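Step one of this worksheet: look at the structure below.
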Amino acid sequence: MLVHALIREDGTVGADELYTVANTLGMSDQQVRLCVKRLVAEGRFTHEGRGRKAQLHATADTMRVLAPNADFLRHAFAQDAGLAPWDGVWHLAAFAVPESARSARDALRETLVHLGGAPLQGGLYVCANAWEPYVEEAAHSLGAHDALTLLTTTDLRRGETREPAELARELWPLEEIADRYHRLGRITRPRLARLTGPAELSSSALLTIAVELAAELTRAMEPDPLLPPQLLPQPWPGTRAREHIAQCWAAVYARDQGEARPALFRRYADITREAADRVTR
């Protein structure tokens with residue numbers, strides 16, 4: 001998360017910034033070195049130079065992986081603004097991958113959960129959003145597309161339960177997800193006060209706040225299926241937490257004047273600005 005948050009517009013990460021922010025967050029230089037070594041070994045970054053003068057270069061695959069997260073955040077803000085109402089359609093995915101391809105089967109299962117799916121039966125998952133392009137892309141990459149079945153329905157029943165909001169309460173851990181957003185709110189509020197206060201903040205301080213916010217936002221949103229508001233208890237804490245974090249990103253972006261601005265600053269600022277523009281139209 002730290003390394004991804006510091007990727008600049010040109011796809012590079014400066015080792016000096018990386019070590020400085022990591023130290024501020026309580027991480028040791030050894031932890032950073034091991035992380036960098038692993039990321040390079042996994043082919044996610046290339047490495048040039050030594051020590052704090054080194055540069056990491058994100059690969060094309062790494063930059064591409066960050067894009068879906070931006071898509072999901074855009075969708076969340078659209079839901080918060082009432083611009084993505086639910087059409088009553090449930091999206092289902094089923095797969096039957098043989099034991100001989102267990103790793104692909106496990107990876108596909110994890111992907112479906114990451115995309116907001118909940119298990120109905122063995123090998124059958126349901127989502128309230130149109131997830132088909134993401135599911136098919138994952139199945140293709142895992143060599144499991146031929147074992148995948150996709151379908152939609154407006155008549156979903158589980159036992160005696162068929163009312164959509166009741167189904168959502170049974171299928172997804174909404175209380176746990178809400179608690180994560182309450183935590184995000186507690187983390188965000190004091191940082192918003194610093195960002196909008198009169199005190200000067202150094203570049204490393206801004207980077208540190210940005211990383212903290214990105215980490216907490218990821219912690220809250222990764223397990224969130226982004227259910228439509230019609231299926232959630234109201235008021236939903238995710239809406240308020242994202243409102244606060246949008247204000248933080250705007251303040252971070254406005255304060256930072258560095259030429260090598262992390263792409264995270266622009267990406268999140270653009271998403272929140274797009275959401276605000278859509279509301280005012």
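Quick note on naming: the chains in the structure tokens go A, B, ... in the order shown, residues restart at 1 in each chain, and ligands are numbered from 1 in order of appearance.
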
query = Can you list, as a ChimeraX atom specification, every protein, DNA or RNA residue that comes within 9 Å of segment 200-204 of chain A when you count only C-alpha atoms, leaving out same-chain residues fewer than 3 positions away?
reply = /A:17,20-21,24,194-195,197,207-209,255-258

Would you put the residues from that selection into a file with all heavy atoms, as a compact mmCIF listing (two decimals), in the first residue's frame?
# COMPACT_ATOMS: atom_id res chain seq x y z
N GLU A 17 11.79 9.35 -0.68
CA GLU A 17 10.43 9.58 -0.17
C GLU A 17 9.89 8.33 0.50
O GLU A 17 9.23 8.40 1.54
CB GLU A 17 9.49 9.99 -1.32
CG GLU A 17 9.65 11.42 -1.79
CD GLU A 17 8.62 11.78 -2.84
OE1 GLU A 17 7.99 10.87 -3.42
OE2 GLU A 17 8.45 12.99 -3.09
N THR A 20 11.50 7.88 3.90
CA THR A 20 11.10 8.95 4.82
C THR A 20 9.70 8.72 5.35
O THR A 20 9.44 8.79 6.56
CB THR A 20 11.18 10.32 4.12
OG1 THR A 20 12.53 10.58 3.72
CG2 THR A 20 10.71 11.42 5.06
N VAL A 21 8.76 8.44 4.45
CA VAL A 21 7.37 8.23 4.86
C VAL A 21 7.26 6.94 5.68
O VAL A 21 6.55 6.89 6.69
CB VAL A 21 6.43 8.18 3.64
CG1 VAL A 21 5.01 7.84 4.07
CG2 VAL A 21 6.45 9.53 2.92
N THR A 24 8.35 7.58 9.17
CA THR A 24 7.35 8.37 9.90
C THR A 24 6.19 7.49 10.37
O THR A 24 5.62 7.71 11.44
CB THR A 24 6.80 9.49 9.00
OG1 THR A 24 7.88 10.31 8.55
CG2 THR A 24 5.82 10.37 9.77
N ARG A 194 -6.20 18.88 10.31
CA ARG A 194 -4.83 19.32 10.03
C ARG A 194 -4.72 19.89 8.61
O ARG A 194 -4.09 20.92 8.40
CB ARG A 194 -3.86 18.15 10.18
CG ARG A 194 -3.58 17.71 11.59
CD ARG A 194 -2.52 16.62 11.60
NE ARG A 194 -1.22 17.12 11.14
CZ ARG A 194 -0.21 16.33 10.77
NH1 ARG A 194 -0.35 15.01 10.81
NH2 ARG A 194 0.93 16.86 10.38
N LEU A 195 -5.34 19.20 7.67
CA LEU A 195 -5.22 19.60 6.27
C LEU A 195 -5.91 20.94 5.98
O LEU A 195 -5.50 21.68 5.11
CB LEU A 195 -5.81 18.52 5.37
CG LEU A 195 -4.99 17.22 5.27
CD1 LEU A 195 -5.83 16.12 4.62
CD2 LEU A 195 -3.72 17.46 4.47
N GLY A 197 -6.43 23.25 8.39
CA GLY A 197 -6.00 24.25 9.37
C GLY A 197 -4.96 25.19 8.80
O GLY A 197 -4.50 25.04 7.67
N LEU A 207 2.55 13.46 2.34
CA LEU A 207 2.66 12.09 1.85
C LEU A 207 2.23 11.09 2.92
O LEU A 207 1.54 10.12 2.64
CB LEU A 207 4.09 11.80 1.39
CG LEU A 207 4.53 12.44 0.08
CD1 LEU A 207 6.04 12.27 -0.11
CD2 LEU A 207 3.77 11.85 -1.09
N THR A 208 2.65 11.36 4.16
CA THR A 208 2.30 10.46 5.26
C THR A 208 0.79 10.42 5.47
O THR A 208 0.19 9.35 5.61
CB THR A 208 3.01 10.89 6.55
OG1 THR A 208 4.42 10.86 6.34
CG2 THR A 208 2.66 9.96 7.70
N ILE A 209 0.16 11.58 5.47
CA ILE A 209 -1.29 11.64 5.64
C ILE A 209 -1.98 10.91 4.49
O ILE A 209 -2.94 10.16 4.69
CB ILE A 209 -1.78 13.10 5.74
CG1 ILE A 209 -1.29 13.73 7.04
CG2 ILE A 209 -3.30 13.18 5.63
CD1 ILE A 209 -1.58 15.22 7.14
N ARG A 255 -2.93 21.51 -1.35
CA ARG A 255 -1.73 21.90 -0.61
C ARG A 255 -0.45 21.50 -1.32
O ARG A 255 0.56 22.20 -1.23
CB ARG A 255 -1.73 21.26 0.78
CG ARG A 255 -2.48 22.06 1.85
CD ARG A 255 -2.37 21.34 3.17
NE ARG A 255 -2.96 22.09 4.27
CZ ARG A 255 -2.28 22.83 5.15
NH1 ARG A 255 -0.98 22.96 5.00
NH2 ARG A 255 -2.89 23.44 6.14
N ASP A 256 -0.46 20.36 -2.01
CA ASP A 256 0.78 19.84 -2.60
C ASP A 256 1.14 20.63 -3.85
O ASP A 256 0.35 20.75 -4.77
CB ASP A 256 0.61 18.36 -2.95
CG ASP A 256 1.88 17.78 -3.54
OD1 ASP A 256 2.85 17.63 -2.79
OD2 ASP A 256 1.90 17.52 -4.76
N GLN A 257 2.37 21.13 -3.88
CA GLN A 257 2.85 21.89 -5.03
C GLN A 257 4.05 21.21 -5.70
O GLN A 257 4.70 21.81 -6.55
CB GLN A 257 3.25 23.30 -4.58
CG GLN A 257 2.13 24.07 -3.92
CD GLN A 257 0.93 24.29 -4.84
OE1 GLN A 257 1.11 24.54 -6.03
NE2 GLN A 257 -0.26 24.17 -4.29
N GLY A 258 4.34 19.96 -5.29
CA GLY A 258 5.52 19.28 -5.83
C GLY A 258 5.34 18.92 -7.29
O GLY A 258 4.25 18.58 -7.74

ask   = Quick one: residues within 9 Å of Thr272 of chain A, only C-alpha atoms counted, chain neighbours fewer than 6 positions away excluded, as number ranges by chain?
value = A: 73-74, 77, 243, 246-247, 249-250

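Put simply, atom CA of Asp71 of chain A is 14.7 Å away from atom CA of Leu227 of chain A.
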
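The closest residue to Ile177 of chain A, picked from A:Asp155, A:Asp87, A:Glu222, A:Glu216 and counting only C-alpha atoms, is A:Glu222.
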
task = Would you mind listing what lies within 9 Å of Ala144 of chain A as a VMD selection string, with only C-alpha atoms counted and same-chain residues fewer than 6 positions away left out?
result = chain A and resid 95 to 97 101 104 to 105 108 138

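Distances here use only C-alpha atoms; by that measure, the residue among A:Asp80, A:Glu99, A:Glu9, A:Glu212 closest to Leu232 of chain A is A:Asp80.
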
task = Based on DSSP run over this structure's backbone, return all residues of segment 9-252 of chain A in strand (DSSP E), as a PyMOL selection string.
result = chain A and resi 12-14+45-48+55-58+90-95+118-121+124-127+148-153

query = Looking at only C-alpha atoms, which of A:Val252, A:Ala178, A:Met221, A:Leu6 is the one that sits closest to Trp236 of chain A?
reply = A:Ala178

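Nearest residue to Glu48 of chain A, choosing from A:Cys127, A:Val13, A:Leu206, A:Ala22 and counting only C-alpha atoms: A:Val13.
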
Skipping near chain neighbours, those fewer than 3 positions away, what residues fall within 9 Å of Ala214 of chain A using only C-alpha atoms, listed as a compact mmCIF listing (two decimals) with N, CA, C and O atoms, in the first residue's frame?
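Okay, this is what ended up in part09.txt:
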# COMPACT_ATOMS: atom_id res chain seq x y z
N MET A 1 0.83 -1.20 0.00
CA MET A 1 0.00 0.00 0.00
C MET A 1 0.86 1.25 0.00
O MET A 1 0.60 2.21 -0.73
N LEU A 2 1.91 1.24 0.82
CA LEU A 2 2.80 2.40 0.89
C LEU A 2 3.45 2.67 -0.45
O LEU A 2 3.45 3.81 -0.94
N ALA A 5 0.96 3.89 -3.04
CA ALA A 5 0.49 5.25 -2.78
C ALA A 5 1.48 6.30 -3.25
O ALA A 5 1.10 7.44 -3.55
N ILE A 209 0.16 11.58 5.47
CA ILE A 209 -1.29 11.64 5.64
C ILE A 209 -1.98 10.91 4.49
O ILE A 209 -2.94 10.16 4.69
N ALA A 210 -1.49 11.13 3.27
CA ALA A 210 -2.08 10.48 2.10
C ALA A 210 -2.01 8.96 2.20
O ALA A 210 -2.97 8.25 1.90
N VAL A 211 -0.86 8.46 2.65
CA VAL A 211 -0.71 7.01 2.79
C VAL A 211 -1.63 6.46 3.88
O VAL A 211 -2.26 5.42 3.71
N LEU A 217 -8.76 3.70 3.79
CA LEU A 217 -9.82 3.59 2.79
C LEU A 217 -9.82 2.18 2.18
O LEU A 217 -10.88 1.58 1.98
N THR A 218 -8.63 1.65 1.91
CA THR A 218 -8.53 0.29 1.38
C THR A 218 -9.05 -0.72 2.39
O THR A 218 -9.77 -1.65 2.04
N ARG A 219 -8.69 -0.54 3.67
CA ARG A 219 -9.15 -1.43 4.72
C ARG A 219 -10.69 -1.47 4.78
O ARG A 219 -11.29 -2.53 5.00
N LEU A 264 -1.55 9.03 -6.92
CA LEU A 264 -2.66 8.84 -5.99
C LEU A 264 -3.37 10.16 -5.72
O LEU A 264 -4.60 10.21 -5.64
